[in-house]
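What follows is one structure encoded as structure tokens, with my remarks underneath.
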Amino acid sequence: MSKQEKIVNMFNEIASTYDVANRVLSFGVDKSWRKDACDKTYALYDTKSIDLILDVACGTGDMCEFWDKRAQKSNITINKIIGADPSVGMLEIAKEKDLNAEFVVAEAKELPFETESVDILSISYGLRNVMDRNEGLSEFYRVLKPGGLLVILEFTKLQKASLASRVRDFYMKKILPVVGGFLSKNKDAYNYLPNSIEGFLTKEKLIGELEEIGFDIKEAKGYSMDISTLFIAKK
């Protein structure tokens, strides 16, 4: 079994408790990060009519819901929102929520969408779980329309040691595995998550990878002492 397949199986196992664990472990603050990401993206795209928003690694559909609600708030019409994820377990939970979105089983590196068919493509806290990241980012570039926007929310590795990084590391390595493990009954999964951040890129390196593929970086903003980072890149 490949590492990618093991990660997908892990998310299948924690799907039923994923939303509760997420809200508890982030103290609900991830909602404000998602809202801001949607609002900034809509402002940058600057149109009141959007054909297709694709949320990759959509999990239980959180970001699909935020795209829909923030569009309504800004009087933006979206023809279709689609969530894609390789975890069938996660998608089963998403479908139970009765969201204004469709869901498909798909990996980031092989999206079942036509070239230049997507207006906005988002991936929230899932890019570090894509083992073939370059393939994934290239695939994002392929399906986006010219002028389309890639929106990434991710826990990036902090470049320099600081008080913020020490606080984050303590929380991620000592508290998150215990609380997440208790809520999900799967401590291994919540040991994996902080380790995946430690093995991920810094903000600067991810910007470099995006630019190498051809993206134009429009936004790179840290939230809550750089615990989370928003990237918005234009094709």
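Ligands are numbered from 1 in the order shown, residues from 1 within each chain, and chains are lettered A, B, ... in the order they appear in the structure tokens.
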
| task | Once DSSP has gone over the backbone, tell me which residues of range 41-219 of chain A are in strand (DSSP E or B), as an NGL selection string. | result | :A and (49-56 or 77-85 or 102-105 or 107 or 110 or 118-124 or 144-154 or 157 or 202 or 216-219)

| message | So that I can check the secondary structure, give me every residue of range 65-209 of chain A assigned helix (DSSP H, G or I) by backbone DSSP, as JSON, numbers by chain. | response | {"A": [65, 66, 67, 68, 69, 70, 71, 72, 73, 88, 89, 90, 91, 92, 93, 94, 95, 96, 127, 128, 129, 133, 134, 135, 136, 137, 138, 139, 140, 141, 142, 143, 163, 164, 165, 166, 167, 168, 169, 170, 171, 172, 173, 174, 175, 176, 177, 178, 179, 180, 181, 182, 183, 184, 187, 188, 189, 190, 191, 192, 193, 194, 195, 196, 197, 198, 203, 204, 205, 206, 207, 208, 209]}

What would the file look like if the residues just selected were written as a PDB file, in the first residue's frame with C-alpha atoms?
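Saved file out-v1.pdb follows:
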ATOM      1  CA  GLU A  65     -20.426  25.457   2.316  1.00  0.00           C
ATOM      2  CA  PHE A  66     -18.348  28.597   2.881  1.00  0.00           C
ATOM      3  CA  TRP A  67     -18.054  29.277  -0.867  1.00  0.00           C
ATOM      4  CA  ASP A  68     -21.843  29.085  -1.139  1.00  0.00           C
ATOM      5  CA  LYS A  69     -22.698  31.196   1.908  1.00  0.00           C
ATOM      6  CA  ARG A  70     -20.119  33.931   1.229  1.00  0.00           C
ATOM      7  CA  ALA A  71     -21.298  34.154  -2.394  1.00  0.00           C
ATOM      8  CA  GLN A  72     -24.867  34.699  -1.202  1.00  0.00           C
ATOM      9  CA  LYS A  73     -23.662  37.417   1.142  1.00  0.00           C
ATOM     10  CA  VAL A  88     -15.169   7.900   0.285  1.00  0.00           C
ATOM     11  CA  GLY A  89     -15.769   8.078   4.042  1.00  0.00           C
ATOM     12  CA  MET A  90     -15.335  11.845   4.106  1.00  0.00           C
ATOM     13  CA  LEU A  91     -17.611  12.315   1.087  1.00  0.00           C
ATOM     14  CA  GLU A  92     -20.352  10.225   2.708  1.00  0.00           C
ATOM     15  CA  ILE A  93     -20.415  12.709   5.610  1.00  0.00           C
ATOM     16  CA  ALA A  94     -20.379  15.659   3.173  1.00  0.00           C
ATOM     17  CA  LYS A  95     -23.375  14.270   1.260  1.00  0.00           C
ATOM     18  CA  GLU A  96     -25.383  13.948   4.498  1.00  0.00           C
ATOM     19  CA  LEU A 127      -2.111  20.102   0.139  1.00  0.00           C
ATOM     20  CA  ARG A 128       0.410  18.635   2.584  1.00  0.00           C
ATOM     21  CA  ASN A 129      -1.414  15.299   2.240  1.00  0.00           C
ATOM     22  CA  ARG A 133       2.515  17.817  -4.895  1.00  0.00           C
ATOM     23  CA  ASN A 134       4.060  18.998  -8.166  1.00  0.00           C
ATOM     24  CA  GLU A 135       1.663  16.795 -10.121  1.00  0.00           C
ATOM     25  CA  GLY A 136      -1.224  18.140  -8.059  1.00  0.00           C
ATOM     26  CA  LEU A 137      -0.299  21.792  -8.560  1.00  0.00           C
ATOM     27  CA  SER A 138       0.221  21.202 -12.284  1.00  0.00           C
ATOM     28  CA  GLU A 139      -3.202  19.579 -12.465  1.00  0.00           C
ATOM     29  CA  PHE A 140      -4.726  22.597 -10.698  1.00  0.00           C
ATOM     30  CA  TYR A 141      -3.105  24.841 -13.306  1.00  0.00           C
ATOM     31  CA  ARG A 142      -4.476  22.672 -16.121  1.00  0.00           C
ATOM     32  CA  VAL A 143      -8.139  22.748 -15.063  1.00  0.00           C
ATOM     33  CA  LEU A 163       7.455  32.376  20.430  1.00  0.00           C
ATOM     34  CA  ALA A 164       4.613  31.736  17.984  1.00  0.00           C
ATOM     35  CA  SER A 165       6.331  28.661  16.556  1.00  0.00           C
ATOM     36  CA  ARG A 166       7.065  27.273  20.032  1.00  0.00           C
ATOM     37  CA  VAL A 167       3.452  27.757  21.135  1.00  0.00           C
ATOM     38  CA  ARG A 168       2.179  26.170  17.941  1.00  0.00           C
ATOM     39  CA  ASP A 169       4.606  23.241  18.178  1.00  0.00           C
ATOM     40  CA  PHE A 170       3.633  22.563  21.802  1.00  0.00           C
ATOM     41  CA  TYR A 171      -0.061  22.583  20.914  1.00  0.00           C
ATOM     42  CA  MET A 172       0.378  20.479  17.777  1.00  0.00           C
ATOM     43  CA  LYS A 173       2.696  17.866  19.292  1.00  0.00           C
ATOM     44  CA  LYS A 174       1.446  17.602  22.867  1.00  0.00           C
ATOM     45  CA  ILE A 175      -2.214  18.624  22.966  1.00  0.00           C
ATOM     46  CA  LEU A 176      -3.622  17.880  19.503  1.00  0.00           C
ATOM     47  CA  PRO A 177      -2.708  14.157  19.465  1.00  0.00           C
ATOM     48  CA  VAL A 178      -4.266  13.604  22.905  1.00  0.00           C
ATOM     49  CA  VAL A 179      -7.514  15.538  22.308  1.00  0.00           C
ATOM     50  CA  GLY A 180      -7.869  14.491  18.660  1.00  0.00           C
ATOM     51  CA  GLY A 181      -7.078  10.894  19.548  1.00  0.00           C
ATOM     52  CA  PHE A 182      -9.688  10.900  22.315  1.00  0.00           C
ATOM     53  CA  LEU A 183     -12.420  12.392  20.118  1.00  0.00           C
ATOM     54  CA  SER A 184     -11.709  10.169  17.113  1.00  0.00           C
ATOM     55  CA  LYS A 187      -4.446   8.653  18.084  1.00  0.00           C
ATOM     56  CA  ASP A 188      -2.244   7.639  15.137  1.00  0.00           C
ATOM     57  CA  ALA A 189      -4.168   9.978  12.828  1.00  0.00           C
ATOM     58  CA  TYR A 190      -3.655  12.942  15.124  1.00  0.00           C
ATOM     59  CA  ASN A 191       0.017  12.110  15.528  1.00  0.00           C
ATOM     60  CA  TYR A 192       0.312  12.116  11.740  1.00  0.00           C
ATOM     61  CA  LEU A 193      -1.229  15.584  11.314  1.00  0.00           C
ATOM     62  CA  PRO A 194       1.401  17.618  13.264  1.00  0.00           C
ATOM     63  CA  ASN A 195       4.181  15.534  11.708  1.00  0.00           C
ATOM     64  CA  SER A 196       2.814  16.316   8.244  1.00  0.00           C
ATOM     65  CA  ILE A 197       3.111  20.044   9.001  1.00  0.00           C
ATOM     66  CA  GLU A 198       6.695  19.649  10.203  1.00  0.00           C
ATOM     67  CA  LYS A 203       5.465  29.861   2.944  1.00  0.00           C
ATOM     68  CA  GLU A 204       8.391  31.049   0.829  1.00  0.00           C
ATOM     69  CA  LYS A 205       9.084  27.600  -0.662  1.00  0.00           C
ATOM     70  CA  LEU A 206       5.449  27.003  -1.566  1.00  0.00           C
ATOM     71  CA  ILE A 207       5.330  30.406  -3.288  1.00  0.00           C
ATOM     72  CA  GLY A 208       8.423  29.351  -5.270  1.00  0.00           C
ATOM     73  CA  GLU A 209       6.763  26.091  -6.357  1.00  0.00           C
TER      74      GLU A 209
END

| task | For CA of Ile81 in chain A and CA of Asp55 in chain A, determine how far apart the two atoms are, in Å to one decimal place. | result | 7.7 Å

| task | Give the answer as one residue: which of A:Asp36, A:Gly222, A:Thr77, A:Gly28 has the shortest atom-to-atom distance to Ser49 in chain A, using only C-alpha atoms? | result |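 Ranking A:Asp36, A:Gly222, A:Thr77, A:Gly28 by distance to Ser49 in chain A, first place goes to A:Thr77.
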
| Computed interatomic separation between CA of Ile213 in chain A and CA of Asn79 in chain A (Å) |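 About the pair CA of Ile213 in chain A and CA of Asn79 in chain A: they are 28.1 Å apart.
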
| said: Just the number, please: distance in Å from CA of Asp226 in chain A to CA of Ile152 in chain A, one decimal. | reply: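 For CA of Asp226 in chain A relative to CA of Ile152 in chain A, the distance reads 14.1 Å.
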
| message | Taking only C-alpha atoms into account, name the residue in A:Lys234, A:Lys97, A:Lys145, A:Lys35 that is nearest to Glu116 in chain A. | response | A:Lys145
